[in-house]
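I have placed the structure first, in the form of structure tokens, so that the comments after it can refer back to it.
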Amino acid sequence: MLVTINNCNVQDRSRKLLSRVDWNMKPGEAWLVTGANGSGKTHFIHALAGKLSFVPNENNGLSGDVPLYTSVFKDSVSIVSLESAAALIEEERERDESEIMDREDIGRTGRQYICEVLGGSSKKGAPLPPVSSRLETMPQVKLCGVEKILDRGLRYMSTGEIRRTLLCRSLLSGCQLLILSDPFAGLDAESRRILLEFFDTMVQKQLSAKDLDSPFPRIILSMERFHEIPSGINRVLEFSDGKVSFCGERSEYEGVVDRRNEEKAARMHAEKEIFLAELKKIREESDALVNDLYSDSVPDSLIRFEKVNVGWGDHRVLVDLDWEVKKGVHWLLRGPNGSGKTTILELITGDNMQVFRENIQLFGRRRGSGETIWDIKRNLGIVSYRLHVEYRMVGGTDLQSVIISGFHDSIGLYETASDFEVSTARAWLKLAGFAGREHESFSSLSYGEQRAVLILRAAVKSPRVLILDEPCHGLDDDYRTKILQLLATIADTGTTTLLHVTHDPTEVLQCERHILELHPGEQPMYSIIEQ
């Protein structure tokens with residue numbers, strides 16, 4: 001056995017998180033750990049990594065010579081996840097010294113960060129170890145496809161690029177067990193291809209490995225959805241409501257999933273009708289507030305870019321971009337990871353300071369012509385990776401306050417909420433399945449549940465423009481279905497215009513008939529498609 005768990009709970013310092021876990025991992029097995037948002041699978045993989053504890057149940061009935069928990073990997077376990085990527089970005093923001101320097105602090109590059117596990121130092125200005133000059137030749141670097149971004153600052157990498165960098169660092173760290181959590185979320189087609197090839201290669205290595213002396217680790221895959229599962233997976237462990245709900249062969253689990261999908265299809269129509277009726281009631285009750293928020297007239301042209309150029313150093317991201325968003329015309333933004341989609345959204349939200357040197361107009365006014373950031377935010381609802389990172393930094397905020405903060409465009413809530421705001425927040429939470437959880441902290445939720453709450457926060461004030469940067473990151477099938485229905489309904493009202501970034505074609509809404517497609521390195525670097 002590589003790992004043995006007999007009748008153990010998973011606990012933190014103060015409470016039990018999972019009950020009665022039984023699981024073994026043997027050579028020749030490639031495992032998927034799955035389950036809905038909040039099911040407990042994240043607690044399980046954190047326990048495997050030593051971040052939580054496996055504690056034997058009292059009176060478990062096992063004889064004294066039966067091991068309750070053993071692992072040959074000990075503390076040589078690494079997790080690459082959306083959460084670890086977010087934590088890295090938080091760390092880089094805390095290390096940013098641009099304000100005390102006479103130039104922009106680009107922070108650590110991918111090369112510096114990877115070299116920290118190869119004898120390098122994490123201290124600012126520390127010299128790189130000799131191995132840094134030959135990273136490009138290493139099979140782990142080529143396997144992760146990061147050769148071309150090694151000298152880019154971590155803060156300037158796309159979500160997919162930073163996760164591939166984390167993956168490369170983990171491979172070079174010498175860890176013996178690598179856990180990939182929701183690795184395909186937000187990746188473009190090429191990045192998915194690279195990762196699938198990587199996974200298949202690694203699985204073949206681990207299935208044939210007889211011991212732990214291989215230069216490559218064994219891998220466990222963790223995903224919210226049973227979707228795009230690599231062919232090498234042959235075992236499945238599923239969690240539901242804090243307990244193991246399935247443990248066995250992949251073929252048997254596929255049969256379970258098929259039966260569940262048949263049952264779900266039978267009840268889906270009725271559930272959709274109930275969901276949409278509740279959503280309509282909430283929106284009707286909030287119409288008065290929305291009308292007060294938008295009493296001033298807004299021009300037909302909501303956003304306009306004229307010959308916009310953005311980049312840093314020798315790297316050009318946007319080149320001569322001409323683009324206009326008109327009221328009620330919903331847009332899909334697409335292109336490979338690192339092509340500039342998030343940059344465009346950050347120019348709109350004001351999170352990219354280059355907005356002030358370019359000809360960008362929002363709601364009829366050029367940016368930098370005297371408007372305040374609150375004038376801009378009042379008309380925007382935002383769901384993005386950056387916002388998610390910022391909210392994780394104030395993670396003690398309860399869910400009710402997170403929703404109410406959407407009315408005030410703040411990260412956290414710093415003023416007394418009105419009765420209307422409280423009742424509206426609770427109605428939205430109930431709609432999304434969070435009834436009775438109003439006072440749970442944001443940080444106690446799984447990554448997917450956090451994302452669902454942030455979508456509610458963005459939608460609560462019926463903004464003029466709703467910006468959605470990979471909104472379904474980390475969502476299980478049920479949450480994903482509800483969120484897509486919610487977004488489609490918001491679009492149908494005519495009050496809100498959507499700007500949507502996604503790499504998953506199944507998440508594209510029918511109303512998104514205008515497409516801004518980015519082509520990095522080409523001239524022109526974009527095309528506009530109308531369907």
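Here, A, B, ... name the chains of the structure tokens in the order displayed, residue numbers run from 1 inside each chain, and ligands are numbered from 1 in the same displayed order.
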
Spatial neighbours of segment 491-495 of chain A, 8 Å, only C-alpha atoms, chain gap at least 3 places, as a list in words: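 Contacts, in chain order: Gly328, His330, Ser462, Pro463, Arg464, Leu487, Ala488, Leu498 and Cys511 of chain A.
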
Using only C-alpha atoms, which protein or nucleic acid residues come within 12 Å of Ser418 of chain A? Drop anything in the same chain fewer than 3 positions from it, and give the result as a compact mmCIF listing (two decimals) with N, CA, C and O atoms, in the first residue's frame.
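Okay, out_34.txt is ready:
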# COMPACT_ATOMS: atom_id res chain seq x y z
N LEU A 289 -34.96 50.16 -6.09
CA LEU A 289 -33.59 50.54 -5.77
C LEU A 289 -32.77 50.71 -7.04
O LEU A 289 -32.00 51.65 -7.18
N SER A 401 -22.89 39.76 4.24
CA SER A 401 -22.17 41.02 4.03
C SER A 401 -21.49 41.05 2.67
O SER A 401 -21.36 42.11 2.05
N ILE A 404 -24.21 42.06 0.25
CA ILE A 404 -24.58 43.47 0.44
C ILE A 404 -23.48 44.41 -0.05
O ILE A 404 -23.77 45.50 -0.56
N SER A 405 -22.23 43.98 0.05
CA SER A 405 -21.13 44.83 -0.43
C SER A 405 -21.24 45.12 -1.92
O SER A 405 -20.67 46.09 -2.42
N PHE A 407 -23.85 46.22 -3.36
CA PHE A 407 -24.56 47.51 -3.48
C PHE A 407 -23.61 48.68 -3.30
O PHE A 407 -23.86 49.77 -3.82
N HIS A 408 -22.52 48.47 -2.55
CA HIS A 408 -21.62 49.57 -2.18
C HIS A 408 -20.29 49.52 -2.92
O HIS A 408 -19.43 50.38 -2.70
N GLU A 415 -20.33 49.67 6.43
CA GLU A 415 -21.41 50.52 6.91
C GLU A 415 -22.62 49.66 7.22
O GLU A 415 -22.72 48.52 6.77
N GLU A 421 -31.51 45.86 1.98
CA GLU A 421 -30.29 45.17 1.55
C GLU A 421 -30.18 43.80 2.21
O GLU A 421 -29.80 42.82 1.56
N VAL A 422 -30.52 43.72 3.50
CA VAL A 422 -30.45 42.44 4.21
C VAL A 422 -31.43 41.44 3.61
O VAL A 422 -31.08 40.28 3.32
N SER A 423 -32.68 41.86 3.40
CA SER A 423 -33.69 40.94 2.87
C SER A 423 -33.35 40.51 1.45
O SER A 423 -33.55 39.34 1.08
N THR A 424 -32.81 41.44 0.66
CA THR A 424 -32.43 41.11 -0.72
C THR A 424 -31.26 40.13 -0.74
O THR A 424 -31.25 39.15 -1.50
N ALA A 425 -30.26 40.37 0.11
CA ALA A 425 -29.10 39.47 0.18
C ALA A 425 -29.54 38.07 0.57
O ALA A 425 -29.08 37.07 -0.02

Taking the chain letters and numbering used in this document, name the residues of segment 373-495 of chain A that DSSP puts in strand (DSSP E or B), as a count of residues only. 11

Contacts of segment 503-510 of chain A at 9 Å (only C-alpha atoms; same-chain gap of 6+ positions) as a PyMOL selection string: chain A and resi 185-189+332+334-336+470+472+480+484+487-488

As a PyMOL selection string, list the residues of segment 281-420 of chain A assigned to helix (DSSP H, G or I) by DSSP on the backbone atoms of this structure. chain A and resi 281-285+287-293+341-349+353-357+373-377+385-392+399-408+419-420

If you take only C-alpha atoms and a cut-off of 9 Å, which residues of segment 431-479 of chain A touch segment 26-50 of chain A, and what are their nearest atom pairs and distances in Å to one decimal, in chain and number order, as a tab-separated table?
residue	atom	partner	partner_atom	distance
A:Leu445	CA	A:Gly38	CA	6.9
A:Ser446	CA	A:Gly38	CA	5.6
A:Tyr447	CA	A:Asn37	CA	7.9
A:Gly448	CA	A:Asn37	CA	5.8
A:Glu449	CA	A:Asn37	CA	6.0
A:Gly474	CA	A:Asn37	CA	8.0
A:Leu475	CA	A:Asn37	CA	6.7
A:Asp476	CA	A:Ala36	CA	5.4
A:Asp477	CA	A:Ala36	CA	7.7
A:Asp478	CA	A:Ala36	CA	8.0
A:Tyr479	CA	A:Asn37	CA	8.1

Using only C-alpha atoms, which protein or nucleic acid residues come within 12 Å of Arg283 of chain A? Drop anything in the same chain fewer than 5 positions from it, and give the result as a list of chain:residue names.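 Contacts, in chain order: A:Leu276, A:Ala277, A:Glu278, A:Ala288, A:Leu289, A:Val290, A:Asn291, A:Thr424, A:Ala425, A:Ala427, A:Trp428, A:Leu431, A:Ala459, A:Val460, A:Lys461, A:Ser462, A:Leu486, A:Thr489, A:Ile490, A:Thr493, A:Thr495.
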
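Note that the spacing between atom CA of Ser191 of chain A and atom CA of Leu167 of chain A amounts to 12.6 Å.
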
Arg357 of chain A: which residues within 12 Å, counting only C-alpha atoms, same-chain residues fewer than 6 positions away excluded, as a PDB file with N, CA, C and O atoms, in the first residue's frame?
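Below is the file that was written, around-v7.pdb:
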ATOM      1  N   PHE A 305     -13.171  51.679 -27.059  1.00  0.00           N
ATOM      2  CA  PHE A 305     -11.710  51.687 -27.158  1.00  0.00           C
ATOM      3  C   PHE A 305     -11.334  52.228 -28.540  1.00  0.00           C
ATOM      4  O   PHE A 305     -11.839  51.732 -29.550  1.00  0.00           O
ATOM      5  N   GLU A 306     -10.437  53.213 -28.571  1.00  0.00           N
ATOM      6  CA  GLU A 306      -9.972  53.760 -29.851  1.00  0.00           C
ATOM      7  C   GLU A 306      -8.445  53.667 -29.921  1.00  0.00           C
ATOM      8  O   GLU A 306      -7.740  54.311 -29.152  1.00  0.00           O
ATOM      9  N   LYS A 307      -7.951  52.827 -30.825  1.00  0.00           N
ATOM     10  CA  LYS A 307      -6.510  52.645 -31.051  1.00  0.00           C
ATOM     11  C   LYS A 307      -5.773  52.433 -29.718  1.00  0.00           C
ATOM     12  O   LYS A 307      -4.791  53.107 -29.410  1.00  0.00           O
ATOM     13  N   VAL A 308      -6.237  51.482 -28.933  1.00  0.00           N
ATOM     14  CA  VAL A 308      -5.671  51.232 -27.604  1.00  0.00           C
ATOM     15  C   VAL A 308      -4.455  50.314 -27.717  1.00  0.00           C
ATOM     16  O   VAL A 308      -4.509  49.260 -28.358  1.00  0.00           O
ATOM     17  N   ASN A 309      -3.358  50.733 -27.077  1.00  0.00           N
ATOM     18  CA  ASN A 309      -2.113  49.962 -27.050  1.00  0.00           C
ATOM     19  C   ASN A 309      -1.676  49.772 -25.596  1.00  0.00           C
ATOM     20  O   ASN A 309      -1.557  50.745 -24.854  1.00  0.00           O
ATOM     21  N   VAL A 310      -1.422  48.524 -25.209  1.00  0.00           N
ATOM     22  CA  VAL A 310      -1.028  48.217 -23.835  1.00  0.00           C
ATOM     23  C   VAL A 310       0.064  47.156 -23.856  1.00  0.00           C
ATOM     24  O   VAL A 310       0.018  46.209 -24.650  1.00  0.00           O
ATOM     25  N   LEU A 347      -8.736  47.199 -17.893  1.00  0.00           N
ATOM     26  CA  LEU A 347      -8.785  48.577 -18.391  1.00  0.00           C
ATOM     27  C   LEU A 347     -10.163  49.181 -18.141  1.00  0.00           C
ATOM     28  O   LEU A 347     -10.291  50.368 -17.828  1.00  0.00           O
ATOM     29  N   GLY A 350     -10.546  49.727 -14.272  1.00  0.00           N
ATOM     30  CA  GLY A 350      -9.578  50.662 -13.681  1.00  0.00           C
ATOM     31  C   GLY A 350      -8.472  49.972 -12.918  1.00  0.00           C
ATOM     32  O   GLY A 350      -7.676  50.639 -12.245  1.00  0.00           O
ATOM     33  N   ARG A 366     -14.488  60.010 -21.250  1.00  0.00           N
ATOM     34  CA  ARG A 366     -13.153  59.438 -21.374  1.00  0.00           C
ATOM     35  C   ARG A 366     -12.562  59.257 -19.981  1.00  0.00           C
ATOM     36  O   ARG A 366     -12.672  60.134 -19.111  1.00  0.00           O
ATOM     37  N   ARG A 367     -11.917  58.084 -19.774  1.00  0.00           N
ATOM     38  CA  ARG A 367     -11.275  57.855 -18.498  1.00  0.00           C
ATOM     39  C   ARG A 367     -10.188  58.897 -18.264  1.00  0.00           C
ATOM     40  O   ARG A 367      -9.416  59.225 -19.160  1.00  0.00           O
ATOM     41  N   GLY A 368     -10.166  59.410 -17.013  1.00  0.00           N
ATOM     42  CA  GLY A 368      -9.188  60.430 -16.664  1.00  0.00           C
ATOM     43  C   GLY A 368      -9.682  61.840 -16.899  1.00  0.00           C
ATOM     44  O   GLY A 368      -8.913  62.796 -16.787  1.00  0.00           O
ATOM     45  N   SER A 369     -10.995  61.995 -17.212  1.00  0.00           N
ATOM     46  CA  SER A 369     -11.539  63.339 -17.485  1.00  0.00           C
ATOM     47  C   SER A 369     -12.276  63.915 -16.289  1.00  0.00           C
ATOM     48  O   SER A 369     -13.085  64.830 -16.430  1.00  0.00           O
TER      49      SER A 369
END

Contacts of Val80 of chain A within 8 Å, only C-alpha atoms, excl. fewer than 6 positions in-chain, as a list in words: Arg163, Leu166, Leu167, Ser170, Leu178, Ile179, Leu180, Ser181 and Pro183 of chain A

Using only C-alpha atoms, the shortest atom-to-atom distance to Arg13 of chain A among A:Ser53, A:Gln206, A:Ser240, A:Ser84 belongs to A:Ser53

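Among A:Arg152, A:Arg451, A:Arg437, A:Lys430, the residue with the shortest atom-to-atom distance to Phe275 of chain A, counting only C-alpha atoms, is A:Lys430.
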
What's around Ile162 of chain A at 10 Å? Count only C-alpha atoms, leave out sequence neighbours fewer than 3 positions away in its own chain, and write the answer as a list in words. Leu82, Ser84, Ala85, Ala86, Leu88, Ile89, Gly110, Val146, Ile149, Gly153, Leu154, Arg155, Tyr156, Met157, Ser158, Thr159, Thr165, Leu166, Leu167 and Cys168 of chain A

Which of A:Asp314, A:Glu438, A:Glu83, A:Asp419 sits closest to Ile403 of chain A [using only C-alpha atoms]: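 Counting only C-alpha atoms, the residue closest to Ile403 of chain A is A:Glu438.
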
Which one is closest to Thr349 of chain A: A:Phe226, A:Trp374, A:Phe54, A:Tyr253? Count only C-alpha atoms.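 Closest residue, counting only C-alpha atoms: A:Trp374.
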
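Interatomic distance, atom CA of Asp75 of chain A against atom CA of Asn9 of chain A: 19.0 Å.
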